[in-house]
Amino acid sequence: MEVAAPQAAVPVIELVGVSKRFGAIQALKEVDLSLYAGEVHALVGENGAGKSTLVKILAGVHRPDRGLLKISGEAVELRSPAQAQAAGIAVIHQEPTLFPDLDVAENVFMGHQPRDRLGRIDWRRMYREVEQLLQSLGVELNVYLPVRGLSVADRQLVEIARALSQDARVLIMDEPTASLSPREVEELFTIVEQLRARQVAILFVSHRLEEVFRLASRVTVLRDGQRVITAPAQDLTPEETVRHMVGRELAALFPKEEAAVGEVVLEVRHLSRAGLFRDVSFQLRRGEILGLAGLVGAGRTEVARVLFGIDQAESGEILVDGRPVSIRSPREAMRYGIAYVPEDRHQQGLVLDFSIARNITLSILKRVARFSLIRSRQELKIAADYAERLHVRGGRLTQPVRALSGGNQQKVVLGKWLATEPRILILDEPTRGIDIGAKAEVHRIVSELAARGLAILLISSELPEILAMSDRVLVMHEGRISGLFSRAEADQEKVMLAATGQNRQSR
Amino acid sequence: MSDSSEVKRPALNLDASSAAAPSAPALAKEDRRAAASGGGLAHGLAWVRSWEALLLVLLVLSLALGSALSPYFLSLSNFSLLISDMMEKALMALTMTLIVIAGEIDLSVASILGLASVVLGYTWSHGLPLGLAIVLVLLIGALCGLVNGLAVTRLGLPSLVVTLGTLALFRGLAYVVMGDQAVSSFPPAFTNFGFGTVPGTLIPWPFVLFVALALIFSLLLHRSTLGRQIYAIGSNKEAARFAGIRVEDIKLLLFVLSGLMAALAGVVFTARFSNARADNALGFELDVVTIVLLGGVNIFGGSGSLPGVVLSLLIIGVLRNALGLADISGDIQNIAVGALLILSVLGPNVVRRFQEAASRRRAAEKGPAGGPAHGAARSVPEETGAARAREGGQRR
Amino acid sequence: MSTTTTRVEESRRRALSGGKRLVALVGRVRELGLIVVLLAIVALVGLQTPRFLTPGNFEQILLSIAILAIVAVGETMVILTRNVDLSVGSTVGMTAFVCADVLKNHPQTPVILIVLLGCALGAVLGAVNGLIVALGRVPAIVATLGTLYLYRGLDSYIAGGTQVSAYDVPDSFLSLATTHILGVPALIVFAAAIALIFAYLLRATRTGRELYALGSNPEAARLAGLRAERLIFLTFLLCGLLSGFAGVLWGARFATVDSGAATGLELQVIAAVVVGGVNIFGGSGTILGAMLGAIVLGTIDNALTLLKLSQFWLQAIDGAAILAAVTLDALITRWLQRRLRSGRQR
C-alpha cells in the first residue's frame with residue numbers, strides 16, 4: 001500500500017516495524033511510517049489507536065520495544081526529548097507545555113539562547129530574532145509578554161517559533177486544532193503551509209477529517225495500534241477513511257434505545273459566566289439524551305461545571321423540576337439529583353490510588369456507614385453490585401483503579417455516579433481515550449439509563465457519537481448557543497456549521 | 001479465564017469482539033468471598049512487607065540499642081519516663097498525621113503549645129481559676145488553628161508558608177505575653193496530673209489521655225467516613241471535590257483540631273514541668289513532622305496510617321531515651337532523628353529506583369511478548385503520575 | 001467581512017498591549033510596594049524619633065541584615081527551582097563554630113584560609129542536601145528538615161558544649177566584620193557584592209534563566225532538555241557555599257560562638273525572601289526583591305528598638321510579615337486572573 005515519495009528519495013524520518021507495549025496493552029504493533037521533507041502527513045485514528053504513543057516515540061519520550069527509528073536513512077536511538085530536539089524533531093502539543101512565568105522570547109529560546117563572546121545571554125539579539133521569526137510567520141505577538149495568560153493558539157505559536165529557532169526539520173503537531181477557534185485554525189493552517197514551503201516535514205495528528213483532507217498530502221490510518229493504510233490524500237475519501245479508522249459500520253457502534261421522553265427536570269435560563277459563556281438557555285427532560293456539541297473551548301464544560309456547583313454563574317437561573325435553585329457546591333448539586341462524569345477522568349473522576357470499591361462508594365459514604373463508621377461488607381456489596389451491572393473488568397474490587405484500562409476506569413466513574421441514584425446525569429466526553437469495545441458498552445449503558453428515565457446531558461466532541469445518541473442536539477459556539485436540532489434534523493453538516501459559528505452568518 | 005484471577009488477573013480487553021466476555025460476575029462473586037473471609041493469608045503476607053513491619057524491626061533494634069547502652073534502660077520506671085517524655089509530641093502527632101494525609105502540613109504546633117503554656121501561666125497567676133484558664137487556652141489553640149485553616153482554605157495559600165509564618169507569629173505572641181518571665185507555681189492537683197501516675201502503676205496520667213485519643217483518632221481515620229474523605233482529599237483533591245466532598249471545610253476542621261490538640265499538649269507540658277515559659281517546646285514541630293513521616297505518611301498526602309505513626313513515635317522515644325541514658329545531649333540525638341527522617345524517605349526511593357531499573361532490564365530482555373499485568377500500573381504512559389514520581393514524592 | 005477582521009485584530013492588539021501593561025505593572029508591584037512600605041516606615045518612625053533618620057542608623061540596619069542577606073541570595077536560587085533549604089541556619093552555625101574553633105586551636109591560620117574553609121564546608125553541606133534532593137528524589141522540605149537536625153547535631157557534637165569567645169581568636173579574624181572598605185562596613189560590601197554578582201548571573205547566563213524555567217514548569221523544562229537534577233544540585237551547592245561564607249562572617253561578627261549559633265536563621269531568611277516577592281512555588285522573583293525584603297524586615301526590627309517597643313514583638317512581626325506578603329500575593333494573583341479572564345470576554 002506504500003506510495004512513492006512525493007519529493008526526496010530518502011525520508012527525513014522513518015519508523016520501521018515499531019512496537020510498543022505498556023503492561024498488558026499493546027499500544028503499537030509493527031508500525032511503519034515515513035515522513036518526507038516538505039510534506040504534510042496526516043496521522044489519523046480513533047482515541048486509543050496508538051497515535052499519542054507514536055508521537056511520544058518520535059519525541060523521545062518513549063523508546064520502542066522493537067523496530068527502528070531512522071533519521072535521514074540512519075538508524076538512531078532517541079533516549080530523551082532533548083535528543084529528539086537535537087535531531088531536529090519538534091512537537092507542538094495540544095496543550096503547549098511552556099514556562100508561564102517567562103516571556104515569549106525566553107520561552108522560544110530556553111536552553112539555546114544566543115550568547116555573546118563572553119558566554120552571556122545576548123538579550124537584545126534574542127528579542128530581535130524572536131520578533132523576526134514571528135514576523136516571518138506573519139504573526140503578531142508581543143515578545144515581552146509573559147506566557148501566562150496567552151491563549152492556547154498564541155502558546156502554540158510560541159512552540160512553533162521555538163521549533164523553528166532550533167531549525168527543526170520535523171514538526172509533529174499533536175491535535176493542534178482541538179482547542180482553537182475556527183479563526184485561529186485558519187491562521188494555523190496558513191503557517192503550516194509556510195512551513196511546508198520551507199521544506200519542513202510535518203506530521204499532522206488529528207481526528208478532524210475535514211482538516212486532514214485540506215492540509216495533508218498523505219494519510220496514515222492507525223487502528224488498535226496497527227497501521228491500516230497509508231495513501232495519498234486524493235486517493236481516499238473521508239468515508240473510506242472513517243471506515244479504516246473504525247473498522248466496522250457506524251451504526252453498530254451506537255446502540256440507542258427508544259425511550260419515552262417525559263417532563264422537564266432541568267431548565268437553564270440565560271446562564272452567563274464572564275469570559276466563558278453567555279446567555280445559555282435549554283431544557284432537559286426525563287428519559288431524554290440531550291447532546292451538547294461544539295468545539296473544544298466553546299464553553300460546554302464550563303456550563304456543566306456551573307450546573308454541578310463547581311463554579312458559580314454570574315447571572316441567569318437554574319430550575320430543577322420547575323423550581324429555581326441555587327447550586328453552590330457539588331454536594332448541593334447531588335442533593336438535587338445531579339451527577340457529573342467529568343471530562344478529565346484521572347484528575348477529576350477518580351482517586352487513582354483508591355480501590356474500585358472505594359471509588360464507587362466515595363459519593364455515598366453515608367449510605368455505607370452506620371454512626372459515621374464505614375461497614376466494609378456493606379461497601380463491598382454495593383460496589384460489587386455496580387461493578388457487576390456495568391461489567392467492570394480487569395481487577396478485583398479491592399485493587400487500585402490505577403491498574404485498570406481507560407474504559408474500565410470510566411465504568412467505575414459511571415458506577416460512582418449511578419450509586420448516588422441521580423435523576424440528571426451530565427456526561428462530559430464519556431468515551432474520550434477508551435477503546436472501541438468499551439465505548440460501545442458505555443453507549444449501551446447510557447442508552448439504558450435514559451430508557452429508565454434519567455435525564456442525560458451528553459457533552460461530546462465526537463460528532464458521530466452525538467448524532468447517534470442524542471434525542472436533541474444543542475450546539476455551542478464561543479460561549480453561546482448556536483443551534484438546537486431535533487434528532488431528525490441533525491446531521492453532521494448542520495451541527496458542524498453551528499459549532500463553527502457559520503450558520504449565523506448564512507442566515 | 002474468569003477462574004484464574006486470584007493468581008493472574010485477566011488481561012485487559014482491547015479486542016472489541018470479546019468485549020462482552022462474561023468474566024465480570026465471576027469476579028464480583030470472588031470479591032464477595034474475599035470480603036467474607038476477611039483477607040487471610042495474602043493479607044498477612046502483604047503486612048510482612050509493609051512499612052509498619054519495617055518500623056517494628058526498627059523499634060526492636062532501638063530497644064536492643066537501649067539495653068546495650070544502659071543497664072537502667074530496661075526498667076519499668078524508665079519506660080514510664082520515656083513515655084512521659086513523648087506525650088506532647090505524641091498528642092500533636094495525632095492531628096499532624098491527619099493533616100499530612102490530607103496533603104497539608106502544620107508547622108506552627110509547637111508555637112501554639114508555647115503560646116498556650118504562657119497564657120495558662122499568665123491567666124492563672126493573675127487570678128483566673130485554673131479550670132477556666134484551661135478552657136480559655138484550649139479556645140485560643142482552636143483559634144490559632146482557625147487562623148491557619150482560614151488562610152489555607154479561604155485565601156488558598158500554601159500551608160507550608162502559612163504555618164511557617166504563624167510558627168513565628170504565635171511564638172512571638174507568647175513572648176509578647178510573658179517576655180522572658182516564667183510562671184512556675186501551679187496547684188498540686190494540676191502538676192500531679194502532669195508527672196503523677198495512675199495509682200498503683202507506673203502509667204503516667206497523660207499516657208491515659210493519649211491512649212484514649214489515639215483510639216478515637218484511629219477509629220476516625222481508618223473507619224469513619226471522615227477518615228475516608230481525608231484520604232481522598234490527600235490523594236486527589238480535585239476528584240474529592242467533584243465527588244461532593246467538602247474539601248475546604250474538612251481541611252479547616254483539621255487545622256482547628258490541630259490547634260486544639262497543640263493547646264492541649266501545652267496544658268500537659270505546663271503540668272509536667274510545672275512551668276510556663278514562652279520558649280516551651282521550642283522546635284518540637286520538627287520532631288512531630290519527623291515522627292509522622294517516619295511513620296510512613298506520604299508528605300504529599302493520600303497515604304499513611306496511625307499504627308505506623310504510633311510505632312514511629314515509640315522508635316523516636318526509645319532512641320532519644322536510650323541516647324539520653326548514655327549521656328548524649330539532645331542536640332546530638334538530633335543527628336539520629338534527622339538521619340532517620342531522611343532515610344525514611346530516601347530508602348524506599350532508592351529501592352524503588354533499583355527495582356524499576358531491574359524490571360526495565362527484564363522487560364528489555366523478555367521483549368514485547370511477556371510483560372506482567374501489574375506492570376501496567378507503573379508504566380502506563382501517564383504524565384501526571386510519572387511527573388509526580390519524578391518530582392521526588394511518592395513512596396511505598 | 002474585511003471590516004470585522006480589522007476590528008477584531010485591532011481589539012486583539014489592544015488587548016495585547018493592555019495585557020502587557022497590566023502584567024508588567026504587577027511584575028513590578030511587589031518591589032514598588034516594598035519600597036512604598038519602606039518609605040512609609042521610615043517616614044512614620046522618623047517623625048517619632050529623629051535618630052532613626054541618621055546615616056549611622058541606616059548603616060546599622062544594613063549591618064544587621066548583611067549576613068542574613070548573603071544566605072537569602074542562596075535561598076532565593078533554591079526557592080526559584082521550586083525547592084526550599086531549611087538547613088541554612090544549621091549550616092551557618094556549624095561553619096561559624098568550626099572556623100572559630102580552628103582559629104582558636106591554630107591562631108596562626110591566615111584568615112583567607114579560614115574563609116575558604118568555611119565556604120568549602122558550607123559547599124559540602126549544601127552538596128549533601130543537593131544529592132539527597134536531586135538524586136535521592138526526597139522532597140526538599142523533608143530532606144532539609146532532616147539536615148537541619150543533622151547539621152545542628154554534628155555542630156553540637158563537634159563543639160561538645162564548649163564555646164569560642166572573642167579572646168580565643170586573633171583580631172585579624174574579627175576585623176573581617178569590623179573593617180571598612182571605602183568607608184563602608186565590609187559586611188555590607190560583601191553582601192551587596194554577592195547580591196549584585198548573583199543577580200547578574202541569574203540574568204546573564206543560561207543556567208540562571210534555566211533556574212526560572214525549572215521552577216516555572218518542571219515538565220516543560222524536561223521537554224526543553226534542561227537537566228533538572230544538575231540545576232537543583234547546583235542551587236543547593238551554591239546555597240550551602242553562601243551559607244558557609246555567611247557562617248565565617250557570623251563568627252567574625254559575633255566573636256562568641258557556641259553550637260547554638262544562628263539557630264532559627266532559616267526562618268528569617270525565608271521571611272525575607274518571601275516578603276521580597278519570590279514565589280514560594282518557584283519560577284518568579286528576583287534577588288533584588290529578596291534584598292528589599294530583608295531590608296524591610298531589618299528596618300521594622302530597628303524601628304521597634306528605637307521606638308522602645310519590646311524586643312519580644314520582633315518575632316511576631318516577622319511572622320505577620322510573611323503572612324501579609326503571601327496574602328497580598330494571593331490577592332494580586334486572583335485579581336490578575338479575573339482581569340485576564342474578563343479581558344478575553346466574548
# chains A, B, ... in the order shown; residues from 1 in each chain; ligands from 1
$ residues_around --residues "region 259-269 of chain C" --least-positions-apart "5" --cutoff "10 Å" --atoms "only C-alpha atoms" --output "compact mmCIF listing (two decimals) with N, CA, C and O atoms, in the first residue's frame"
# COMPACT_ATOMS: atom_id res chain seq x y z
N LEU B 164 4.54 28.38 58.52
CA LEU B 164 5.88 28.90 58.81
C LEU B 164 5.74 30.32 59.36
O LEU B 164 6.43 30.72 60.29
N GLY B 165 4.83 31.07 58.78
CA GLY B 165 4.56 32.42 59.27
C GLY B 165 3.97 32.40 60.67
O GLY B 165 4.43 33.12 61.56
N LEU B 167 4.17 30.01 62.77
CA LEU B 167 5.19 29.48 63.69
C LEU B 167 5.89 30.65 64.38
O LEU B 167 6.03 30.68 65.60
N ALA B 168 6.30 31.63 63.58
CA ALA B 168 6.94 32.81 64.15
C ALA B 168 5.93 33.68 64.90
O ALA B 168 6.20 34.15 66.01
N GLY B 283 10.94 24.20 68.85
CA GLY B 283 11.48 23.24 67.86
C GLY B 283 10.80 21.89 67.85
O GLY B 283 11.18 21.01 67.08
N ASP B 331 20.82 17.78 71.44
CA ASP B 331 21.24 18.24 70.13
C ASP B 331 21.89 17.13 69.33
O ASP B 331 21.68 17.00 68.13
N ILE C 65 21.43 43.18 58.79
CA ILE C 65 20.87 42.17 57.89
C ILE C 65 21.89 41.62 56.90
O ILE C 65 21.56 40.74 56.09
N ILE C 67 24.49 39.57 56.94
CA ILE C 67 24.76 38.14 56.91
C ILE C 67 23.52 37.38 56.42
O ILE C 67 23.60 36.51 55.56
N LEU C 68 22.40 37.78 56.96
CA LEU C 68 21.13 37.18 56.54
C LEU C 68 20.94 37.34 55.03
O LEU C 68 20.48 36.43 54.34
N ALA C 69 21.32 38.51 54.52
CA ALA C 69 21.12 38.78 53.10
C ALA C 69 21.95 37.84 52.23
O ALA C 69 21.48 37.37 51.19
N ILE C 70 23.15 37.54 52.68
CA ILE C 70 24.01 36.64 51.90
C ILE C 70 23.35 35.26 51.80
O ILE C 70 23.29 34.65 50.73
N VAL C 71 22.82 34.79 52.93
CA VAL C 71 22.13 33.50 52.90
C VAL C 71 20.87 33.58 52.03
O VAL C 71 20.54 32.65 51.29
N ALA C 72 20.21 34.74 52.09
CA ALA C 72 18.97 34.91 51.32
C ALA C 72 19.23 34.82 49.82
O ALA C 72 18.36 34.36 49.06
N VAL C 73 20.42 35.24 49.39
CA VAL C 73 20.76 35.11 47.96
C VAL C 73 20.73 33.63 47.56
O VAL C 73 20.11 33.24 46.56
N GLY C 74 21.35 32.80 48.38
CA GLY C 74 21.36 31.37 48.10
C GLY C 74 19.97 30.77 48.18
O GLY C 74 19.54 30.02 47.30
N GLU C 75 19.24 31.17 49.22
CA GLU C 75 17.89 30.63 49.40
C GLU C 75 16.98 31.02 48.24
O GLU C 75 16.16 30.22 47.78
N THR C 76 17.15 32.23 47.74
CA THR C 76 16.34 32.66 46.60
C THR C 76 16.52 31.71 45.42
O THR C 76 15.55 31.28 44.79
N ASP C 85 15.44 25.33 51.23
CA ASP C 85 16.52 24.83 52.07
C ASP C 85 16.29 25.32 53.50
O ASP C 85 16.49 26.49 53.79
N LEU C 86 15.84 24.40 54.34
CA LEU C 86 15.59 24.75 55.74
C LEU C 86 16.84 24.61 56.59
O LEU C 86 16.83 24.95 57.76
N SER C 87 17.92 24.07 56.00
CA SER C 87 19.09 23.75 56.82
C SER C 87 20.09 24.89 56.89
O SER C 87 21.15 24.75 57.49
N VAL C 88 19.76 26.05 56.30
CA VAL C 88 20.77 27.12 56.23
C VAL C 88 21.21 27.61 57.61
O VAL C 88 22.40 27.90 57.81
N GLY C 89 20.27 27.69 58.55
CA GLY C 89 20.65 28.13 59.89
C GLY C 89 21.70 27.21 60.50
O GLY C 89 22.69 27.65 61.08
N SER C 90 21.48 25.91 60.36
CA SER C 90 22.43 24.94 60.90
C SER C 90 23.77 25.02 60.18
O SER C 90 24.83 24.87 60.79
N THR C 91 23.71 25.25 58.86
CA THR C 91 24.96 25.35 58.10
C THR C 91 25.77 26.57 58.57
O THR C 91 26.97 26.47 58.80
N VAL C 92 25.09 27.68 58.72
CA VAL C 92 25.77 28.89 59.19
C VAL C 92 26.37 28.63 60.58
O VAL C 92 27.54 28.92 60.83
N GLY C 93 25.55 28.03 61.46
CA GLY C 93 26.03 27.77 62.82
C GLY C 93 27.24 26.87 62.83
O GLY C 93 28.22 27.12 63.54
N MET C 94 27.19 25.82 62.04
CA MET C 94 28.29 24.86 62.04
C MET C 94 29.56 25.47 61.48
O MET C 94 30.64 25.33 62.06
N THR C 95 29.47 26.18 60.35
CA THR C 95 30.68 26.78 59.79
C THR C 95 31.22 27.85 60.73
O THR C 95 32.43 27.97 60.89
N ALA C 96 30.33 28.61 61.34
CA ALA C 96 30.79 29.65 62.28
C ALA C 96 31.61 29.01 63.39
O ALA C 96 32.72 29.46 63.70
N PHE C 97 31.06 27.93 63.96
CA PHE C 97 31.79 27.33 65.07
C PHE C 97 33.09 26.68 64.60
O PHE C 97 34.14 26.87 65.20
N VAL C 98 33.02 25.92 63.53
CA VAL C 98 34.21 25.20 63.07
C VAL C 98 35.33 26.18 62.74
O VAL C 98 36.49 25.99 63.14
N LEU C 148 18.65 19.92 58.75
CA LEU C 148 18.62 20.96 59.79
C LEU C 148 19.00 20.33 61.14
O LEU C 148 19.84 20.84 61.86
N ARG C 152 22.94 20.51 62.83
CA ARG C 152 22.99 21.11 64.16
C ARG C 152 23.53 20.10 65.16
O ARG C 152 24.31 20.44 66.05
N GLY C 153 23.12 18.85 64.98
CA GLY C 153 23.60 17.80 65.86
C GLY C 153 25.11 17.61 65.72
O GLY C 153 25.84 17.51 66.71
N LEU C 154 25.59 17.58 64.49
CA LEU C 154 27.03 17.45 64.25
C LEU C 154 27.77 18.62 64.87
O LEU C 154 28.83 18.46 65.48
N ASP C 155 27.19 19.80 64.71
CA ASP C 155 27.76 21.01 65.28
C ASP C 155 27.93 20.84 66.80
O ASP C 155 29.01 21.08 67.35
N SER C 156 26.87 20.36 67.46
CA SER C 156 26.93 20.15 68.91
C SER C 156 27.98 19.11 69.25
O SER C 156 28.71 19.24 70.24
N TYR C 157 28.04 18.08 68.43
CA TYR C 157 28.99 17.01 68.67
C TYR C 157 30.42 17.56 68.60
O TYR C 157 31.25 17.28 69.46
N ILE C 158 30.66 18.37 67.57
CA ILE C 158 31.99 18.96 67.41
C ILE C 158 32.29 19.91 68.58
O ILE C 158 33.37 19.90 69.16
N ALA C 159 31.29 20.72 68.92
CA ALA C 159 31.51 21.72 69.97
C ALA C 159 31.64 21.05 71.34
O ALA C 159 32.44 21.50 72.17
N GLY C 160 30.88 19.98 71.54
CA GLY C 160 30.95 19.28 72.82
C GLY C 160 30.70 20.20 74.00
O GLY C 160 31.34 20.08 75.04
N GLY C 161 29.81 21.17 73.85
CA GLY C 161 29.47 22.04 74.96
C GLY C 161 30.43 23.21 75.15
O GLY C 161 30.21 24.04 76.01
N THR C 162 31.48 23.26 74.35
CA THR C 162 32.42 24.38 74.52
C THR C 162 31.94 25.58 73.72
O THR C 162 31.03 25.49 72.92
N GLN C 163 32.59 26.71 73.96
CA GLN C 163 32.32 27.86 73.11
C GLN C 163 33.62 28.60 72.82
O GLN C 163 34.60 28.47 73.53
N VAL C 164 33.62 29.30 71.72
CA VAL C 164 34.79 30.10 71.37
C VAL C 164 34.41 31.54 71.63
O VAL C 164 33.35 32.00 71.22
N GLY C 247 28.56 31.99 57.48
CA GLY C 247 28.98 31.43 58.77
C GLY C 247 30.30 32.02 59.24
O GLY C 247 30.47 32.36 60.41
N TRP C 250 29.61 35.36 60.43
CA TRP C 250 28.89 35.27 61.70
C TRP C 250 29.90 35.14 62.84
O TRP C 250 29.83 35.84 63.85
N GLY C 251 30.86 34.22 62.63
CA GLY C 251 31.91 34.02 63.64
C GLY C 251 32.66 35.30 63.91
O GLY C 251 32.92 35.67 65.06
N PHE C 254 30.08 38.07 65.65
CA PHE C 254 29.60 37.89 67.00
C PHE C 254 30.68 37.40 67.96
O PHE C 254 30.46 37.33 69.15
N VAL C 274 10.45 35.58 50.93
CA VAL C 274 9.02 35.56 50.58
C VAL C 274 8.44 36.97 50.59
O VAL C 274 7.71 37.37 49.69
N VAL C 275 8.81 37.75 51.61
CA VAL C 275 8.35 39.14 51.65
C VAL C 275 8.87 39.89 50.42
O VAL C 275 8.20 40.75 49.88
N ALA C 290 14.42 39.99 47.08
CA ALA C 290 14.75 39.35 48.35
C ALA C 290 15.55 40.30 49.24
O ALA C 290 15.35 40.36 50.45
N GLY C 293 13.27 42.72 50.67
CA GLY C 293 12.53 42.06 51.74
C GLY C 293 13.33 42.05 53.04
O GLY C 293 12.81 42.37 54.12
N ALA C 294 14.62 41.73 52.92
CA ALA C 294 15.48 41.70 54.10
C ALA C 294 15.58 43.10 54.71
O ALA C 294 15.53 43.26 55.93
N LEU C 297 12.35 44.04 56.58
CA LEU C 297 12.26 43.37 57.88
C LEU C 297 13.27 43.95 58.86
O LEU C 297 12.97 44.18 60.04
N GLY C 298 14.50 44.23 58.36
CA GLY C 298 15.53 44.80 59.21
C GLY C 298 15.13 46.17 59.71
O GLY C 298 15.37 46.53 60.88
N GLN C 315 9.68 38.76 66.75
CA GLN C 315 9.36 37.51 66.09
C GLN C 315 7.92 37.51 65.57
O GLN C 315 7.66 37.06 64.45
N ASP C 318 7.88 39.39 62.37
CA ASP C 318 8.42 38.60 61.26
C ASP C 318 7.34 37.67 60.72
O ASP C 318 7.13 37.55 59.50
N GLY C 319 6.68 36.99 61.63
CA GLY C 319 5.65 36.04 61.22
C GLY C 319 4.51 36.73 60.50
O GLY C 319 4.07 36.29 59.43
N ILE C 322 5.45 37.63 56.93
CA ILE C 322 5.35 36.52 55.97
C ILE C 322 3.90 36.36 55.54
O ILE C 322 3.58 36.29 54.36
$ residues_around --residues "Gly415 (chain A)" --least-positions-apart "4" --cutoff "12 Å" --atoms "only C-alpha atoms" --output "number ranges by chain"
A: 339-341, 349-350, 356-364, 382-392, 408-411, 419-422, 425, 442, 445-446, 449
$ residues_around --residues "Val152 (chain B)" --least-positions-apart "3" --cutoff "9 Å" --atoms "only C-alpha atoms" --output "PDB file with C-alpha atoms, in the first residue's frame"
ATOM      1  CA  VAL B 147      -6.275  31.328  61.595  1.00  0.00           C
ATOM      2  CA  ASN B 148      -4.092  28.744  59.852  1.00  0.00           C
ATOM      3  CA  GLY B 149      -7.079  26.999  58.378  1.00  0.00           C
ATOM      4  CA  LEU B 155      -7.167  32.540  50.727  1.00  0.00           C
ATOM      5  CA  GLY B 156      -5.781  29.439  49.036  1.00  0.00           C
ATOM      6  CA  LEU B 157      -2.309  29.910  50.482  1.00  0.00           C
ATOM      7  CA  PRO B 158       0.150  27.012  50.784  1.00  0.00           C
ATOM      8  CA  SER B 159       0.010  25.625  54.316  1.00  0.00           C
ATOM      9  CA  VAL B 162       1.204  29.976  56.249  1.00  0.00           C
ATOM     10  CA  GLU B 248     -12.148  23.112  52.297  1.00  0.00           C
ATOM     11  CA  LYS B 251      -9.247  20.971  55.948  1.00  0.00           C
ATOM     12  CA  LEU B 252     -10.407  23.859  58.101  1.00  0.00           C
TER      13      LEU B 252
END
$ interface_residues --of "chain B" --to "chain C" --cutoff "6 Å" --atoms "only C-alpha atoms" --output "VMD selection string"
chain B and resid 165 to 166 168 to 169 172 to 173 175 to 176 331 to 332 334 to 335 338 341 to 342 346 392
$ interface_residues --of "chain A" --to "chain B" --cutoff "7 Å" --atoms "only C-alpha atoms" --output "ChimeraX atom specification"
/A:21-24,65,330-331,347-351,353,362-363,365,372-374,377,384,388,391-397,402-403,405,435-438
$ select_by_dssp --residues "region 238-323 of chain C" --states "helix (DSSP H, G or I)" --output "PyMOL selection string"
chain C and resi 238-254+265-275+287-306+313-323
$ residues_around --residues "region 179-185 of chain A" --least-positions-apart "3" --cutoff "7 Å" --atoms "only C-alpha atoms" --output "list of chain:residue names"
A:Val152, A:Ala153, A:Leu188, A:Phe189, A:Val296, A:Gly297, A:Thr500
$ write_last_selection --atoms "N, CA, C and O atoms" --output "PDB file, in the first residue's frame"
ATOM      1  N   VAL A 152      -4.444  29.595  23.988  1.00  0.00           N
ATOM      2  CA  VAL A 152      -3.832  28.351  23.523  1.00  0.00           C
ATOM      3  C   VAL A 152      -3.210  28.552  22.152  1.00  0.00           C
ATOM      4  O   VAL A 152      -2.094  28.099  21.876  1.00  0.00           O
ATOM      5  N   ALA A 153      -3.907  29.268  21.277  1.00  0.00           N
ATOM      6  CA  ALA A 153      -3.392  29.478  19.923  1.00  0.00           C
ATOM      7  C   ALA A 153      -2.059  30.213  19.967  1.00  0.00           C
ATOM      8  O   ALA A 153      -1.101  29.836  19.282  1.00  0.00           O
ATOM      9  N   LEU A 188      -3.470  29.079  11.827  1.00  0.00           N
ATOM     10  CA  LEU A 188      -2.506  27.990  11.992  1.00  0.00           C
ATOM     11  C   LEU A 188      -2.230  27.325  10.645  1.00  0.00           C
ATOM     12  O   LEU A 188      -1.082  27.015  10.307  1.00  0.00           O
ATOM     13  N   PHE A 189      -3.283  27.137   9.845  1.00  0.00           N
ATOM     14  CA  PHE A 189      -3.106  26.466   8.559  1.00  0.00           C
ATOM     15  C   PHE A 189      -2.221  27.273   7.619  1.00  0.00           C
ATOM     16  O   PHE A 189      -1.417  26.730   6.881  1.00  0.00           O
ATOM     17  N   VAL A 296     -13.870  22.196  21.172  1.00  0.00           N
ATOM     18  CA  VAL A 296     -13.250  22.318  22.484  1.00  0.00           C
ATOM     19  C   VAL A 296     -13.074  23.807  22.778  1.00  0.00           C
ATOM     20  O   VAL A 296     -12.663  24.570  21.910  1.00  0.00           O
ATOM     21  N   GLY A 297     -13.431  24.231  23.972  1.00  0.00           N
ATOM     22  CA  GLY A 297     -13.306  25.637  24.316  1.00  0.00           C
ATOM     23  C   GLY A 297     -14.542  26.451  23.996  1.00  0.00           C
ATOM     24  O   GLY A 297     -14.552  27.661  24.152  1.00  0.00           O
ATOM     25  N   THR A 500     -19.098  25.851  14.339  1.00  0.00           N
ATOM     26  CA  THR A 500     -18.069  26.784  13.894  1.00  0.00           C
ATOM     27  C   THR A 500     -18.637  28.187  13.712  1.00  0.00           C
ATOM     28  O   THR A 500     -17.947  29.075  13.256  1.00  0.00           O
TER      29      THR A 500
END
$ atom_distance --atom1 "CA of Val170 (chain A)" --atom2 "CA of Leu231 (chain C)"
29.0 Å
$ closest_residue --among "C:Leu116, C:Ala220, C:Leu63, C:Ile79" --to "Leu102 (chain A)" --atoms "only C-alpha atoms"
C:Ala220
$ select_by_dssp --residues "region 243-411 of chain A" --states "strand (DSSP E or B)" --output "PyMOL selection string"
chain A and resi 264-273+277-285+289-294+315-320+323-325+338-341+355+369-370+373-374+400
